[in-house]
Amino acid sequence: MTAEATLPSTSVSPTARHLWTRSRGIALALLMLLAGAVAVATVRSDARHGELDPRSADPLGSRAVTELLADRGVTTRLVTTLAEARAATGPDTTLLVAVPDRLTEHQQTLLHSATTGSGGRTVLVAAGGWSVGTLAPGVTADPATSRDSTLDPG
């Protein structure tokens, strides 16, 4: 009679523990990279909104003007769509349009028709001649001395 020796079974497929041990460094690095990206996005989200944006305190923003107006009881509201701008017009409002040349001629015509009968005021900043002609017919643009200059708060 022959007896067969039973050998212990050896598995060649990795176990979950073995996989975790080998990949946790990469997983930790990816997690740190993701956390860093979220932190940078959060910090930079208020950094720059756009020219004359009342939320922005950078040199191209207008947060300081918004704060000064609020101190004098003037309410400001940011509108970012043509529909919001048209709805915001009224007899006691001033609509400030920053860089109206970025609007299409059709958008300018719609905005002009909304502001014409509203009794409010429209202020155009950094407007080209064709924008002034569409949004404020009969008005002559006053060219700025330098668009890159800033004034001290005083």
# chains A, B, ... in the order shown; residues from 1 in each chain; ligands from 1

$ residues_around --residues "Trp130 (chain A)" --least-positions-apart "2" --cutoff "10 Å" --atoms "only C-alpha atoms" --output "list in words"
Pro100, Asp101, Glu105, Ala127, Gly128, Val132, Gly133, Thr134, Leu135, Ala136, Pro137 and Ala141 of chain A

$ residues_around --residues "Leu60 (chain A)" --least-positions-apart "3" --cutoff "8 Å" --atoms "only C-alpha atoms" --output "mmCIF file with N, CA and C atoms, in the first residue's frame"
data_model
loop_
_atom_site.group_PDB
_atom_site.id
_atom_site.type_symbol
_atom_site.label_atom_id
_atom_site.label_comp_id
_atom_site.auth_asym_id
_atom_site.auth_seq_id
_atom_site.Cartn_x
_atom_site.Cartn_y
_atom_site.Cartn_z
ATOM 1 N N GLY A 50 -14.577 88.593 -12.790
ATOM 2 C CA GLY A 50 -14.692 89.266 -14.075
ATOM 3 C C GLY A 50 -14.587 90.762 -13.884
ATOM 4 N N GLU A 51 -14.559 91.459 -14.992
ATOM 5 C CA GLU A 51 -14.418 92.904 -14.926
ATOM 6 C C GLU A 51 -15.648 93.538 -14.280
ATOM 7 N N LEU A 52 -15.402 94.392 -13.325
ATOM 8 C CA LEU A 52 -16.421 95.148 -12.596
ATOM 9 C C LEU A 52 -17.400 94.276 -11.840
ATOM 10 N N ASP A 53 -17.014 93.054 -11.541
ATOM 11 C CA ASP A 53 -17.886 92.159 -10.776
ATOM 12 C C ASP A 53 -17.945 92.644 -9.337
ATOM 13 N N SER A 56 -15.933 90.777 -6.602
ATOM 14 C CA SER A 56 -14.487 90.677 -6.738
ATOM 15 C C SER A 56 -13.773 91.876 -6.128
ATOM 16 N N ALA A 57 -12.770 91.576 -5.308
ATOM 17 C CA ALA A 57 -11.972 92.642 -4.690
ATOM 18 C C ALA A 57 -10.660 92.858 -5.420
#

$ residues_around --residues "Thr93 (chain A)" --least-positions-apart "4" --cutoff "10 Å" --atoms "only C-alpha atoms" --output "PyMOL selection string"
chain A and resi 75-76+88-89+115+118-122

$ closest_residue --among "A:Leu124, A:Ser23, A:Arg86, A:Met32" --to "Thr140 (chain A)" --atoms "only C-alpha atoms"
A:Leu124

$ select_by_dssp --residues "region 86-130 of chain A" --states "alpha helix (DSSP H)" --output "list of chain:residue names"
A:Arg86, A:Ala87, A:Ala88, A:Glu105, A:His106, A:Gln107, A:Gln108, A:Thr109, A:Leu110, A:Leu111, A:His112, A:Ser113, A:Ala114, A:Thr115, A:Thr116, A:Gly129, A:Trp130

$ atom_distance --atom1 "CA of Ser113 (chain A)" --atom2 "CA of Gly138 (chain A)"
15.0 Å
